[in-house]
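In what follows, a single structure is set out as structure tokens and then discussed.
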Amino acid sequence: MNSQQSMEVKLRLARETFILDVDLSLSCRGVTAIFGPSGCGKTSLLRSIAGLEQAQGYLKLCDDVWQDENNFVPTHERPIGYVFQEASLFPHMSVLRNLLYGFRRIPYRQRHVKLEHAVKLLGLAHLLQRKPQGLSGGERQRVAIARALLTSPRLLLMDEPMSALDQSSKAEIMPFLQRLHDELAIPVLYVSHAVDEVAQLADHLVIMDAGKIAAHGSIDEMQQYLHLPATEKPATETVVNSSIKAFVTEHDESFQLTHLLAGELRLSVPGIVAMPGDAITLKLDADDISLSLEPLRNSTILNVVPARITTMTERKPAHVQLGLETDIGPLLIHVSRKSVNQLGLHPGKDVYALLHGFTIAT
Amino acid sequence: MLQESDITAIWITLKLAGIATLILLLLGTPLAWWMARTRCRFRVVVDALVSLPLVLPPTVLGFYLLIALGSNGPFSPIVKALGGSNLAFSFTGLVIGSVFYSLPFVVQPLRDAFVNIGQRPLEVAATLRASPWDQFVSIVLPLARPGYLTATVLGFAHTVGEFGVVLMIGGNIPGETQVLSIAIYDHVEAMEYGQAHWLAAGLLVLSFLMLLMVYTLNRRFSVVQS
């Protein structure tokens with residue numbers, strides 16, 4: 001990873017129940033979720049990055065060193081936005097004054113995020129004159145997010161911003177978070193222990209356990225850690241992939257096919273891609289899989305896999321993303337809303353997945 | 001009706017309480033802030049020292065202050081070097097005594113107010129680029145307003161009502177150190193119950209009105225804030 005675009009985090013902090021000991025190089029792009037059980041040090045890591053905890057070590061964002069052996073940049077001089085678990089709005093100020101609190105404290109030419117922009121992005125126009133006490137939990141958290149954004153941070157830290165909210169407030173905030181992800185080029189560290197949030201928002205995933213990094217990588221590489229039947233990635237992600245592990249069983253020279261065994265099922269892929277016995281990973285684009293209610297034996301599609309629908313997520317206006325459970329592993333597919341209607345698709349229904357194309361990684 | 005000496009005593013009392021309260025708010029703010037934030041283990045010692053005037057007989061406090069402030073006391077060379085004279089039996093001496101005597105009544109409400117605010121609003125302000133001083137002015141002071149109101153009124157009222165300390169270190173010099181509570185005592189000693197009534201009832205009503213104001217305003221704050 002290029003050091004210009006990465007964040008170097010080497011921090012050590014002794015807590016009562018664990019020692020935070022982290023050495024990470026994180027992407028300066030997109031949303032990185034920090035995921036793990038309660039009390040594993042996620043929040044301590046985030047607080048240390050913000051300078052709210054005085055951890056030992058080294059911390060650098062792009063070209064700015066925030067912390068090394070000799071220097072410790074105090075929190076109020078770090079260009080961060082921090083969204084706490086509870087909205088923590090200032091109770092003696094209106095929503096508008098809360099929003100402007102940080103905005104007014106940064107130099108004029110650094111105010112890249114404008115008030116109107118943040119208000120629009122988080123849908124706050126009708127709340128500006130209200131006091132925090134009169135807002136719902138979801139509204140408060142939206143104000144807190146906008147307030148953090150208005151400091152035009154170079155890094156946005158979010159500490160379980162939805163955990164104090166009920167289901168309906170979560171559903172209310174999620175679209176705003178996704179818009180944030182899509183419209184602003186601010187890298188986000190998002191602490192969570194909720195699989196669905198991570199799966200919907202994150203591009204990268206860091207898994208923590210007992211103060212240490214257990215694993216990290218892109219969300220696709222990390223799927224097995226999320227124990228998900230399928231991820232539910234946001235609509236703007238251009239490619240949604242499912243990964244399948246398979247073994248090469250034999251080659252069919254006459255048709256130039258490679259036969260594979262994935263789980264209990266036989267698949268065939270065109271070309272001679274690997275030697276018998278090799279383990280390979282197949283990547284399946286969500287747009288290269290279709291569904292059928294019948295096995296379709298008399299068709300040109302070679303690979304037909306029995307499947308059961310597990311999840312349905314609304315995406316672009318015309319599309320729905322389905323998560324499938326199959327014998328070869330979880331799959332994600334895109335289908336039109338019309339097909340969902342016509343075929344009567346719903347979670348729990350048994351279908352057949354028709355696999356059109358693969359990319360192969362050995 | 002009120003004699004001229006009574007009116008002077010009222011004026012001295014109000015001046016004393018006003019100045020002592022102002023000093024207490026200025027000294028009490030950093031002290032209470034430290035007590036609310038520190039994890040230092042000497043904090044309990046400071047807690048106990050600050051609370052001492054609550055349990056100590058005022059005459060005991062007054063006695064030691066008399067010794068400390070008197071012409072043979074440890075501070076008298078400094079005072080003389082600064083061109084002053086004996087602090088005991090002077091208005092300045094009364095102010096010093098009152099500051100000690102009313103300390104817990106100012107520091108404790110402030111400390112409680114600071115503790116109640118908690119760490120979170122300050123952390124939020126820090127992530128929004130507010131320096132520590134900025135955090136204090138823009139967040140702590142407004143949120144601690146009920147605490148300041150309580151501290152001001154209690155400090156003021158308690159100083160108005162003090163008797164033992166004043167008697168020990170201030171004496172009873174009309175026009176200089178004779179305060180209201182001592183004037184009442186004098187009237188009672190002289191069997192002038194009419195005069196004593198005027199002053200005593202005045203003090204009673206004043207104290208009640210001040211407390212009424214505190215509770216009304218604090219209730220309004222808490223209604224606004226929660």
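Residue numbering restarts at 1 for every chain of the structure tokens, chains are lettered A, B, ... in their displayed order, and ligands are numbered from 1 as they appear.
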Report task. Quick one: everything within 8 Å of B:Ala17, counting only C-alpha atoms, minus sequence neighbours fewer than 5 positions away in the same chain. Send it as JSON, numbers by chain. Result -> {"B": [98, 155, 156, 157, 159, 160]}
For chain A against chain B, which residues fall within 8 Å using only C-alpha atoms, given as an mmCIF file with N, CA and C atoms, in the first residue's frame?
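Written output follows (out.cif):
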```
data_model
loop_
_atom_site.group_PDB
_atom_site.id
_atom_site.type_symbol
_atom_site.label_atom_id
_atom_site.label_comp_id
_atom_site.auth_asym_id
_atom_site.auth_seq_id
_atom_site.Cartn_x
_atom_site.Cartn_y
_atom_site.Cartn_z
ATOM 1 N N ALA A 50 -8.075 8.995 17.870
ATOM 2 C CA ALA A 50 -8.555 10.371 18.042
ATOM 3 C C ALA A 50 -7.699 11.160 19.019
ATOM 4 N N LEU A 52 -7.939 10.660 22.241
ATOM 5 C CA LEU A 52 -8.686 10.735 23.503
ATOM 6 C C LEU A 52 -8.077 9.811 24.554
ATOM 7 N N THR A 75 -6.082 16.035 20.696
ATOM 8 C CA THR A 75 -7.305 15.766 19.937
ATOM 9 C C THR A 75 -7.786 16.972 19.138
ATOM 10 N N HIS A 76 -7.791 18.149 19.784
ATOM 11 C CA HIS A 76 -8.406 19.290 19.095
ATOM 12 C C HIS A 76 -7.564 19.812 17.940
ATOM 13 N N GLU A 77 -6.371 19.259 17.762
ATOM 14 C CA GLU A 77 -5.571 19.649 16.600
ATOM 15 C C GLU A 77 -5.520 18.543 15.547
ATOM 16 N N ARG A 78 -6.231 17.449 15.767
ATOM 17 C CA ARG A 78 -6.261 16.382 14.764
ATOM 18 C C ARG A 78 -7.465 16.595 13.850
ATOM 19 N N ILE A 80 -9.961 15.275 12.593
ATOM 20 C CA ILE A 80 -10.860 14.118 12.597
ATOM 21 C C ILE A 80 -12.292 14.562 12.851
ATOM 22 N N GLY A 81 -13.218 13.707 12.475
ATOM 23 C CA GLY A 81 -14.590 13.839 12.932
ATOM 24 C C GLY A 81 -14.864 12.599 13.758
ATOM 25 N N TYR A 82 -15.555 12.756 14.873
ATOM 26 C CA TYR A 82 -15.804 11.603 15.735
ATOM 27 C C TYR A 82 -17.302 11.534 16.022
ATOM 28 N N SER A 88 -24.558 12.602 22.005
ATOM 29 C CA SER A 88 -23.816 13.582 22.789
ATOM 30 C C SER A 88 -23.890 14.988 22.202
ATOM 31 N N LEU A 89 -25.102 15.405 21.854
ATOM 32 C CA LEU A 89 -25.264 16.791 21.403
ATOM 33 C C LEU A 89 -25.146 17.700 22.616
ATOM 34 N N PHE A 90 -24.712 18.945 22.387
ATOM 35 C CA PHE A 90 -24.623 19.884 23.495
ATOM 36 C C PHE A 90 -26.044 20.323 23.864
ATOM 37 N N PRO A 91 -26.485 20.029 25.102
ATOM 38 C CA PRO A 91 -27.900 20.247 25.423
ATOM 39 C C PRO A 91 -28.279 21.720 25.491
ATOM 40 N N HIS A 92 -27.277 22.600 25.677
ATOM 41 C CA HIS A 92 -27.627 24.015 25.817
ATOM 42 C C HIS A 92 -27.609 24.748 24.484
ATOM 43 N N TYR A 101 -20.767 24.403 15.763
ATOM 44 C CA TYR A 101 -19.734 24.449 16.807
ATOM 45 C C TYR A 101 -18.348 24.140 16.246
ATOM 46 N N GLY A 102 -18.234 23.028 15.545
ATOM 47 C CA GLY A 102 -16.937 22.665 14.977
ATOM 48 C C GLY A 102 -16.625 23.467 13.721
ATOM 49 N N PHE A 103 -17.660 23.711 12.920
ATOM 50 C CA PHE A 103 -17.514 24.444 11.656
ATOM 51 C C PHE A 103 -16.823 25.784 11.878
ATOM 52 N N ARG A 105 -14.851 26.587 14.174
ATOM 53 C CA ARG A 105 -13.526 26.482 14.774
ATOM 54 C C ARG A 105 -12.457 26.019 13.795
ATOM 55 N N ILE A 106 -12.814 25.813 12.548
ATOM 56 C CA ILE A 106 -11.778 25.485 11.563
ATOM 57 C C ILE A 106 -11.584 26.706 10.656
ATOM 58 N N GLN A 133 -33.090 18.027 23.037
ATOM 59 C CA GLN A 133 -33.993 17.247 23.889
ATOM 60 C C GLN A 133 -35.259 16.839 23.149
ATOM 61 N N ALA A 148 -20.031 16.370 12.960
ATOM 62 C CA ALA A 148 -18.662 15.884 12.755
ATOM 63 C C ALA A 148 -18.192 16.175 11.327
ATOM 64 N N THR A 151 -16.656 19.672 10.248
ATOM 65 C CA THR A 151 -15.280 20.090 10.490
ATOM 66 C C THR A 151 -14.414 19.689 9.299
#
```
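The list of residues with at least one atom within 12 Å of B:Leu26, based on only C-alpha atoms and without residues fewer than 5 positions apart in the same chain, reads Ile19, Ala20, Thr21, Leu31, Ala32, Trp33, Val99, Leu103, Val106, Val107, Leu110, Tyr148, Ala151 and Thr152 of chain B.
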Can I get the selected residues back with C-alpha atoms, as a short mmCIF file (atom, residue, chain, number, x, y, z; two decimals), in the first residue's frame?
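Written file, again35.cif:
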```
data_model
loop_
_atom_site.label_atom_id
_atom_site.label_comp_id
_atom_site.auth_asym_id
_atom_site.auth_seq_id
_atom_site.Cartn_x
_atom_site.Cartn_y
_atom_site.Cartn_z
CA ILE B 19 -16.56 40.49 47.97
CA ALA B 20 -16.15 37.13 49.71
CA THR B 21 -18.51 35.44 47.21
CA LEU B 31 -10.32 24.12 42.94
CA ALA B 32 -13.70 22.48 42.22
CA TRP B 33 -12.59 21.67 38.66
CA VAL B 99 -13.62 32.99 52.42
CA LEU B 103 -15.55 27.70 51.11
CA VAL B 106 -19.25 27.41 47.01
CA VAL B 107 -16.86 24.59 46.12
CA LEU B 110 -19.44 23.73 41.67
CA TYR B 148 -22.87 28.56 39.80
CA ALA B 151 -22.83 28.38 44.79
CA THR B 152 -23.28 32.14 44.54
#
```
Can you tell me which residues surround A:Leu332 at a distance of at most 6 Å, considering only C-alpha atoms, apart from same-chain residues fewer than 5 positions away, and format the answer as a PDB file with C-alpha atoms, in the first residue's frame?
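See out_3.pdb below for the written result:
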```pdb
ATOM      1  CA  SER A 242     -19.261 -14.191  -4.419  1.00  0.00           C
ATOM      2  CA  ALA A 286     -23.703 -10.973  -9.016  1.00  0.00           C
ATOM      3  CA  LEU A 322     -30.678 -11.749  -3.322  1.00  0.00           C
ATOM      4  CA  GLY A 323     -28.536 -13.779  -1.015  1.00  0.00           C
TER       5      GLY A 323
END
```
Report task. Tell me, as a ChimeraX atom specification, which residues lie within 12 Å of A:Leu115, counting only C-alpha atoms; anything in the same chain fewer than 3 positions away does not count. Result -> /A:95-104,111-112,118-125,128,143,146-152
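Omitting B:Gly164 and its sequence neighbours fewer than 5 positions away, and counting only C-alpha atoms, the residues within 9 Å are Pro57, Pro58, Thr59, Val60, Leu61, Gly62 and Ile169 of chain B.
Taking atom CA of A:Ile207 and atom CA of A:Ile49 as endpoints, the distance between them is 16.6 Å.
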Query - Distance query stretch 299-315 of chain A at most 8 Å, only C-alpha atoms, self and fewer than 4 positions along chain excluded, as a ChimeraX atom specification - result: /A:229-230,232,234-235,265,267-268,295,319-327,345-356
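With atom CA of A:Lys10 on one side and atom CA of A:Ala33 on the other, the separation reads 17.4 Å.
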Report summary line: Between A:Val206, A:Ser163, A:Arg142, A:Arg29, smallest distance to A:Phe176 by only C-alpha atoms belongs to A:Arg142
